[in-house]
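Colleague: Contents of work_4.cif (mmCIF, C-alpha atoms, pLDDT in the B column; chains and numbers go by the auth columns) are given next:
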data_target
#
loop_
_atom_site.group_PDB
_atom_site.id
_atom_site.type_symbol
_atom_site.label_atom_id
_atom_site.label_comp_id
_atom_site.label_asym_id
_atom_site.label_seq_id
_atom_site.Cartn_x
_atom_site.Cartn_y
_atom_site.Cartn_z
_atom_site.B_iso_or_equiv
_atom_site.auth_seq_id
_atom_site.auth_asym_id
ATOM 1 C CA MET A 1 -11.511 8.437 -19.259 58.00 1057 A
ATOM 2 C CA CYS A 2 -7.809 8.106 -18.549 75.00 1058 A
ATOM 3 C CA ARG A 3 -6.422 6.828 -15.266 82.00 1059 A
ATOM 4 C CA VAL A 4 -4.670 9.373 -13.125 88.00 1060 A
ATOM 5 C CA SER A 5 -3.167 6.925 -10.650 93.00 1061 A
ATOM 6 C CA VAL A 6 -3.040 3.161 -11.086 95.00 1062 A
ATOM 7 C CA LEU A 7 -2.105 2.688 -7.414 95.00 1063 A
ATOM 8 C CA ALA A 8 -5.036 4.809 -6.184 96.00 1064 A
ATOM 9 C CA ASP A 9 -7.508 2.823 -8.316 95.00 1065 A
ATOM 10 C CA CYS A 10 -6.050 -0.440 -7.031 95.00 1066 A
ATOM 11 C CA LEU A 11 -6.262 0.487 -3.358 96.00 1067 A
ATOM 12 C CA LYS A 12 -9.758 1.942 -3.693 95.00 1068 A
ATOM 13 C CA SER A 13 -11.097 -1.205 -5.340 96.00 1069 A
ATOM 14 C CA ILE A 14 -9.478 -3.326 -2.602 96.00 1070 A
ATOM 15 C CA VAL A 15 -11.209 -1.245 0.102 96.00 1071 A
ATOM 16 C CA ASN A 16 -14.552 -1.401 -1.721 96.00 1072 A
ATOM 17 C CA ALA A 17 -14.332 -5.187 -2.131 97.00 1073 A
ATOM 18 C CA GLU A 18 -13.329 -5.554 1.522 96.00 1074 A
ATOM 19 C CA LYS A 19 -16.324 -3.477 2.660 96.00 1075 A
ATOM 20 C CA ALA A 20 -18.649 -5.523 0.445 96.00 1076 A
ATOM 21 C CA GLY A 21 -17.358 -8.716 2.074 95.00 1077 A
ATOM 22 C CA LYS A 22 -15.821 -10.192 -1.060 96.00 1078 A
ATOM 23 C CA ARG A 23 -13.241 -12.960 -0.798 96.00 1079 A
ATOM 24 C CA GLN A 24 -11.186 -11.876 -3.817 95.00 1080 A
ATOM 25 C CA VAL A 25 -10.806 -8.879 -6.096 97.00 1081 A
ATOM 26 C CA LEU A 26 -9.502 -8.389 -9.655 96.00 1082 A
ATOM 27 C CA ILE A 27 -7.184 -5.417 -10.201 95.00 1083 A
ATOM 28 C CA ARG A 28 -6.280 -4.017 -13.593 92.00 1084 A
ATOM 29 C CA PRO A 29 -3.990 -2.565 -14.860 92.00 1085 A
ATOM 30 C CA SER A 30 -0.954 -3.908 -13.028 93.00 1086 A
ATOM 31 C CA SER A 31 2.309 -2.095 -12.350 94.00 1087 A
ATOM 32 C CA LYS A 32 5.575 -2.670 -10.496 95.00 1088 A
ATOM 33 C CA VAL A 33 4.636 -0.144 -7.802 96.00 1089 A
ATOM 34 C CA VAL A 34 1.260 -1.841 -7.200 96.00 1090 A
ATOM 35 C CA VAL A 35 2.943 -5.263 -6.893 96.00 1091 A
ATOM 36 C CA LYS A 36 5.530 -3.947 -4.393 97.00 1092 A
ATOM 37 C CA PHE A 37 2.807 -2.174 -2.357 97.00 1093 A
ATOM 38 C CA LEU A 38 0.754 -5.387 -2.262 97.00 1094 A
ATOM 39 C CA SER A 39 3.780 -7.420 -1.186 97.00 1095 A
ATOM 40 C CA VAL A 40 4.301 -5.046 1.779 97.00 1096 A
ATOM 41 C CA MET A 41 0.618 -5.485 2.713 96.00 1097 A
ATOM 42 C CA GLN A 42 0.944 -9.264 2.367 97.00 1098 A
ATOM 43 C CA LYS A 43 4.108 -9.345 4.504 97.00 1099 A
ATOM 44 C CA HIS A 44 2.167 -7.793 7.388 96.00 1100 A
ATOM 45 C CA GLY A 45 -0.817 -10.111 6.886 96.00 1101 A
ATOM 46 C CA TYR A 46 -3.429 -7.616 5.688 96.00 1102 A
ATOM 47 C CA ILE A 47 -4.151 -9.465 2.431 96.00 1103 A
ATOM 48 C CA GLY A 48 -3.748 -13.106 1.402 96.00 1104 A
ATOM 49 C CA GLU A 49 -2.023 -14.427 -1.688 97.00 1105 A
ATOM 50 C CA PHE A 50 -2.073 -12.448 -4.924 97.00 1106 A
ATOM 51 C CA GLU A 51 -1.540 -13.754 -8.427 97.00 1107 A
ATOM 52 C CA ILE A 52 -0.318 -11.708 -11.383 96.00 1108 A
ATOM 53 C CA VAL A 53 -2.115 -12.641 -14.620 95.00 1109 A
ATOM 54 C CA ASP A 54 -0.200 -11.701 -17.779 94.00 1110 A
ATOM 55 C CA ASP A 55 -2.689 -10.955 -20.564 93.00 1111 A
ATOM 56 C CA HIS A 56 -0.140 -9.450 -23.026 92.00 1112 A
ATOM 57 C CA ARG A 57 -1.591 -6.009 -22.298 92.00 1113 A
ATOM 58 C CA SER A 58 -1.258 -4.141 -19.017 91.00 1114 A
ATOM 59 C CA GLY A 59 -1.728 -7.228 -16.837 94.00 1115 A
ATOM 60 C CA LYS A 60 -4.161 -8.139 -14.066 96.00 1116 A
ATOM 61 C CA ILE A 61 -3.800 -9.078 -10.408 97.00 1117 A
ATOM 62 C CA VAL A 62 -6.152 -11.364 -8.470 97.00 1118 A
ATOM 63 C CA ILE A 63 -5.958 -10.696 -4.713 97.00 1119 A
ATOM 64 C CA GLN A 64 -7.326 -12.999 -1.997 97.00 1120 A
ATOM 65 C CA LEU A 65 -8.846 -10.924 0.823 97.00 1121 A
ATOM 66 C CA ILE A 66 -8.837 -12.104 4.432 95.00 1122 A
ATOM 67 C CA GLY A 67 -11.077 -9.455 6.003 93.00 1123 A
ATOM 68 C CA ARG A 68 -8.380 -7.746 8.068 94.00 1124 A
ATOM 69 C CA LEU A 69 -8.009 -4.501 6.099 95.00 1125 A
ATOM 70 C CA ASN A 70 -9.963 -1.488 7.349 95.00 1126 A
ATOM 71 C CA LYS A 71 -8.652 1.229 5.051 95.00 1127 A
ATOM 72 C CA CYS A 72 -5.832 1.900 2.649 95.00 1128 A
ATOM 73 C CA GLY A 73 -5.091 4.923 0.543 95.00 1129 A
ATOM 74 C CA VAL A 74 -2.621 6.869 -1.555 97.00 1130 A
ATOM 75 C CA ILE A 75 -0.923 10.099 -0.548 95.00 1131 A
ATOM 76 C CA SER A 76 -0.802 12.335 -3.578 93.00 1132 A
ATOM 77 C CA PRO A 77 1.423 14.221 -4.273 95.00 1133 A
ATOM 78 C CA ARG A 78 4.239 11.967 -3.114 95.00 1134 A
ATOM 79 C CA PHE A 79 5.704 14.206 -0.437 97.00 1135 A
ATOM 80 C CA ASN A 80 9.353 13.934 0.567 97.00 1136 A
ATOM 81 C CA VAL A 81 9.621 12.531 4.087 96.00 1137 A
ATOM 82 C CA LYS A 82 12.826 12.792 6.114 95.00 1138 A
ATOM 83 C CA GLN A 83 13.512 10.088 8.644 93.00 1139 A
ATOM 84 C CA LYS A 84 12.842 12.423 11.567 94.00 1140 A
ATOM 85 C CA ASP A 85 9.500 13.543 10.041 95.00 1141 A
ATOM 86 C CA ILE A 86 8.064 10.001 9.740 94.00 1142 A
ATOM 87 C CA GLU A 87 6.582 10.279 13.243 94.00 1143 A
ATOM 88 C CA THR A 88 4.430 13.311 12.342 95.00 1144 A
ATOM 89 C CA TRP A 89 3.063 11.523 9.264 95.00 1145 A
ATOM 90 C CA ILE A 90 2.210 8.493 11.412 95.00 1146 A
ATOM 91 C CA ASN A 91 0.300 10.723 13.842 95.00 1147 A
ATOM 92 C CA ASN A 92 -1.605 12.383 10.980 94.00 1148 A
ATOM 93 C CA LEU A 93 -2.539 9.283 8.975 94.00 1149 A
ATOM 94 C CA LEU A 94 -2.771 6.234 11.223 95.00 1150 A
ATOM 95 C CA PRO A 95 -5.474 5.658 13.860 94.00 1151 A
ATOM 96 C CA SER A 96 -3.083 4.568 16.631 91.00 1152 A
ATOM 97 C CA ARG A 97 0.540 3.720 17.326 87.00 1153 A
ATOM 98 C CA GLN A 98 -0.143 0.005 17.695 87.00 1154 A
ATOM 99 C CA PHE A 99 -1.234 -0.836 14.164 89.00 1155 A
ATOM 100 C CA GLY A 100 -1.148 0.447 10.605 95.00 1156 A
ATOM 101 C CA PHE A 101 1.723 1.171 8.264 96.00 1157 A
ATOM 102 C CA LEU A 102 2.956 3.951 6.014 96.00 1158 A
ATOM 103 C CA VAL A 103 4.516 2.834 2.731 97.00 1159 A
ATOM 104 C CA LEU A 104 7.455 4.848 1.455 97.00 1160 A
ATOM 105 C CA THR A 105 9.503 4.563 -1.695 97.00 1161 A
ATOM 106 C CA THR A 106 13.185 4.979 -0.944 96.00 1162 A
ATOM 107 C CA SER A 107 16.472 4.524 -2.733 96.00 1163 A
ATOM 108 C CA ALA A 108 16.544 1.048 -1.131 95.00 1164 A
ATOM 109 C CA GLY A 109 13.142 0.101 -2.572 96.00 1165 A
ATOM 110 C CA ILE A 110 9.506 0.277 -1.439 97.00 1166 A
ATOM 111 C CA MET A 111 9.112 -0.468 2.285 96.00 1167 A
ATOM 112 C CA ASP A 112 7.025 0.336 5.359 96.00 1168 A
ATOM 113 C CA HIS A 113 7.928 3.045 7.885 95.00 1169 A
ATOM 114 C CA GLU A 114 9.343 0.599 10.450 95.00 1170 A
ATOM 115 C CA GLU A 115 11.855 -0.755 7.943 95.00 1171 A
ATOM 116 C CA CYS A 116 12.753 2.846 6.998 95.00 1172 A
ATOM 117 C CA ARG A 117 13.528 3.531 10.652 95.00 1173 A
ATOM 118 C CA ARG A 118 15.699 0.419 10.903 96.00 1174 A
ATOM 119 C CA LYS A 119 17.628 1.364 7.763 95.00 1175 A
ATOM 120 C CA LYS A 120 17.742 5.034 8.850 95.00 1176 A
ATOM 121 C CA THR A 121 16.446 6.303 5.517 95.00 1177 A
ATOM 122 C CA GLY A 122 13.739 8.657 4.297 95.00 1178 A
ATOM 123 C CA GLY A 123 11.956 8.823 0.976 96.00 1179 A
ATOM 124 C CA LYS A 124 8.740 9.744 -0.743 97.00 1180 A
ATOM 125 C CA ILE A 125 5.459 8.684 0.837 97.00 1181 A
ATOM 126 C CA LEU A 126 3.283 6.398 -1.335 97.00 1182 A
ATOM 127 C CA GLY A 127 0.371 5.553 0.924 97.00 1183 A
ATOM 128 C CA PHE A 128 -0.891 3.851 4.063 97.00 1184 A
ATOM 129 C CA PHE A 129 -2.936 0.865 5.218 97.00 1185 A
ATOM 130 C CA TYR A 130 -4.483 -0.308 8.472 95.00 1186 A
#
Rewrite the structure from the file as structure tokens, please.

Modeller:
Amino acid sequence: MCRVSVLADCLKSIVNAEKAGKRQVLIRPSSKVVVKFLSVMQKHGYIGEFEIVDDHRSGKIVIQLIGRLNKCGVISPRFNVKQKDIETWINNLLPSRQFGFLVLTTSAGIMDHEECRRKKTGGKILGFFY
């Protein structure tokens, strides 16, 4: 069985491990997009440290969970989102205005929706977490 989306598999296994009350989770395969997505989650304090294990194949990531994540997911296909349309996506995907983040990939790199607003840029939507 071939993988359709590495990022979707990664986020689903994180949610499953979080629901099962695990303290850490092993993700494979690794990719640049997954690492950037995880670093955005880590910056906002939803996951702990993560370590990239190079096994001379596709790589693995070990993530420390801290029990703060409720849900995360991928938006597929990666829709184009203009800066003025970010608000409608927030209303559709996140449970409230106070918490949760959309992750977008832009020409300035992968970032959350608040940073996109500050930089006044749009992009393609990757996923969300709260």

Colleague: Rounded to one decimal in Å, what is the spacing between atom CA of Glu1143 of chain A and atom CA of Ser1087 of chain A?

Modeller: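 Atom-to-atom, atom CA of Glu1143 of chain A and atom CA of Ser1087 of chain A are spaced 28.7 Å apart.
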
Colleague: Would you tabulate, counting all atoms listed in the file, all residues of segment 1087-1154 of chain A that have an atom at most 8 Å from an atom of segment 1166-1176 of chain A, showing the closest pair of atoms and their distance in Å to one decimal, sorted by chain then ascending number, as JSON lines?

Modeller:
{"residue": "A:Lys1092", "atom": "CA", "partner": "A:Ile1166", "partner_atom": "CA", "distance": 6.5}
{"residue": "A:Phe1093", "atom": "CA", "partner": "A:Ile1166", "partner_atom": "CA", "distance": 7.2}
{"residue": "A:Val1096", "atom": "CA", "partner": "A:Met1167", "partner_atom": "CA", "distance": 6.7}
{"residue": "A:Gln1139", "atom": "CA", "partner": "A:Lys1176", "partner_atom": "CA", "distance": 6.6}
{"residue": "A:Ile1142", "atom": "CA", "partner": "A:His1169", "partner_atom": "CA", "distance": 7.2}

Colleague: At a cut-off of 6 Å, using only C-alpha atoms, what residues contact segment 1116-1132 of chain A? Leave out same-chain residues fewer than 2 positions from it and give the result as a list in words.

Modeller: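 Once the nearby chain positions are removed, what remains is Ala1064, Arg1079, Gln1080, Val1081, Leu1082, Ile1083, Arg1084, Pro1085, Ser1086, Tyr1102, Ile1103, Gly1104, Glu1105, Phe1106, Glu1107, Ile1108, Val1109, Arg1134, Leu1182, Gly1183, Phe1184, Phe1185 and Tyr1186 of chain A.
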
Colleague: For Leu1149 of chain A, which residue out of A:Asp1110, A:Ile1181, A:Leu1094, A:Val1060 is the nearest one, using only C-alpha atoms?

Modeller: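 With only C-alpha atoms as the atom set, the closest residue is A:Ile1181.
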
Colleague: Pick out the closest residue to Pro1133 of chain A from this set: A:Lys1099, A:Lys1068, A:Lys1078, A:Lys1180. Count all atoms listed in the file.

Modeller: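 Using all atoms listed in the file, the shortest distance to Pro1133 of chain A belongs to A:Lys1180.
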
Colleague: Report the distance between atom CA of Cys1066 of chain A and atom CA of Phe1157 of chain A in Å, rounded to one decimal place.

Modeller: 17.2 Å

Colleague: Hey, which of A:Asn1136, A:Asp1065, A:Glu1074, A:Asn1148 ends up closest to Gly1179 of chain A? Count all atoms listed in the file.

Modeller: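 Smallest distance to Gly1179 of chain A is found for A:Asn1136.
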
Colleague: Would you give the centre and edge lengths, in Å to one decimal, of a box along x, y and z around the listed atoms of segment 1101-1120 of chain A, with 3 Å added to each side, as lines of an AutoDock Vina configuration file?

Modeller:
center_x = -3.7
center_y = -9.3
center_z = -8.1
size_x = 13.2
size_y = 16.3
size_z = 35.9

Colleague: So how far away is atom CA of Arg1059 of chain A from atom CA of Asn1072 of chain A, in Å?

Modeller: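 Rounded to one decimal, the two atoms are 17.8 Å apart.
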
Colleague: Find the residue from A:Met1097, A:Ala1164, A:Val1137, A:Leu1158 that sits nearest to Ile1070 of chain A; use all atoms listed in the file when measuring.

Modeller: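 Distance minimum relative to Ile1070 of chain A lands on A:Met1097.
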
Colleague: Since the input is missing atoms, can you rebuild N, CA, C and O atoms for segment 1058-1074 of chain A and write them as a compact mmCIF listing (two decimals), in the frame of the given file?

Modeller:
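Okay, out.txt is ready:
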# COMPACT_ATOMS: atom_id res chain seq x y z
N CYS A 1058 -9.14 8.65 -18.80
CA CYS A 1058 -7.81 8.11 -18.55
C CYS A 1058 -7.56 8.00 -17.05
O CYS A 1058 -8.11 8.76 -16.26
N ARG A 1059 -6.74 7.04 -16.68
CA ARG A 1059 -6.42 6.83 -15.27
C ARG A 1059 -5.40 7.85 -14.82
O ARG A 1059 -4.40 8.06 -15.49
N VAL A 1060 -5.64 8.44 -13.68
CA VAL A 1060 -4.67 9.37 -13.12
C VAL A 1060 -3.62 8.60 -12.34
O VAL A 1060 -2.44 8.78 -12.50
N SER A 1061 -4.09 7.69 -11.48
CA SER A 1061 -3.17 6.92 -10.65
C SER A 1061 -3.61 5.46 -10.60
O SER A 1061 -4.71 5.16 -10.13
N VAL A 1062 -2.75 4.59 -11.09
CA VAL A 1062 -3.04 3.16 -11.09
C VAL A 1062 -3.09 2.65 -9.65
O VAL A 1062 -3.96 1.86 -9.29
N LEU A 1063 -2.17 3.13 -8.81
CA LEU A 1063 -2.10 2.69 -7.41
C LEU A 1063 -3.36 3.11 -6.64
O LEU A 1063 -3.91 2.33 -5.87
N ALA A 1064 -3.83 4.33 -6.88
CA ALA A 1064 -5.04 4.81 -6.18
C ALA A 1064 -6.25 3.97 -6.57
O ALA A 1064 -7.06 3.60 -5.70
N ASP A 1065 -6.40 3.67 -7.86
CA ASP A 1065 -7.51 2.82 -8.32
C ASP A 1065 -7.44 1.44 -7.67
O ASP A 1065 -8.46 0.89 -7.24
N CYS A 1066 -6.25 0.89 -7.60
CA CYS A 1066 -6.05 -0.44 -7.03
C CYS A 1066 -6.47 -0.46 -5.56
O CYS A 1066 -7.26 -1.32 -5.15
N LEU A 1067 -5.97 0.48 -4.79
CA LEU A 1067 -6.26 0.49 -3.36
C LEU A 1067 -7.73 0.77 -3.09
O LEU A 1067 -8.32 0.19 -2.18
N LYS A 1068 -8.34 1.63 -3.89
CA LYS A 1068 -9.76 1.94 -3.69
C LYS A 1068 -10.62 0.72 -3.99
O LYS A 1068 -11.58 0.44 -3.26
N SER A 1069 -10.30 -0.03 -5.03
CA SER A 1069 -11.10 -1.20 -5.34
C SER A 1069 -10.89 -2.30 -4.30
O SER A 1069 -11.82 -3.07 -4.01
N ILE A 1070 -9.69 -2.37 -3.69
CA ILE A 1070 -9.48 -3.33 -2.60
C ILE A 1070 -10.36 -2.97 -1.41
O ILE A 1070 -11.01 -3.84 -0.82
N VAL A 1071 -10.40 -1.68 -1.04
CA VAL A 1071 -11.21 -1.25 0.10
C VAL A 1071 -12.69 -1.50 -0.16
O VAL A 1071 -13.42 -1.99 0.71
N ASN A 1072 -13.14 -1.20 -1.38
CA ASN A 1072 -14.55 -1.40 -1.72
C ASN A 1072 -14.93 -2.88 -1.66
O ASN A 1072 -15.99 -3.24 -1.14
N ALA A 1073 -14.06 -3.75 -2.17
CA ALA A 1073 -14.33 -5.19 -2.13
C ALA A 1073 -14.32 -5.69 -0.69
O ALA A 1073 -15.13 -6.55 -0.32
N GLU A 1074 -13.42 -5.15 0.11
CA GLU A 1074 -13.33 -5.55 1.52
C GLU A 1074 -14.60 -5.16 2.28
O GLU A 1074 -15.15 -5.93 3.06
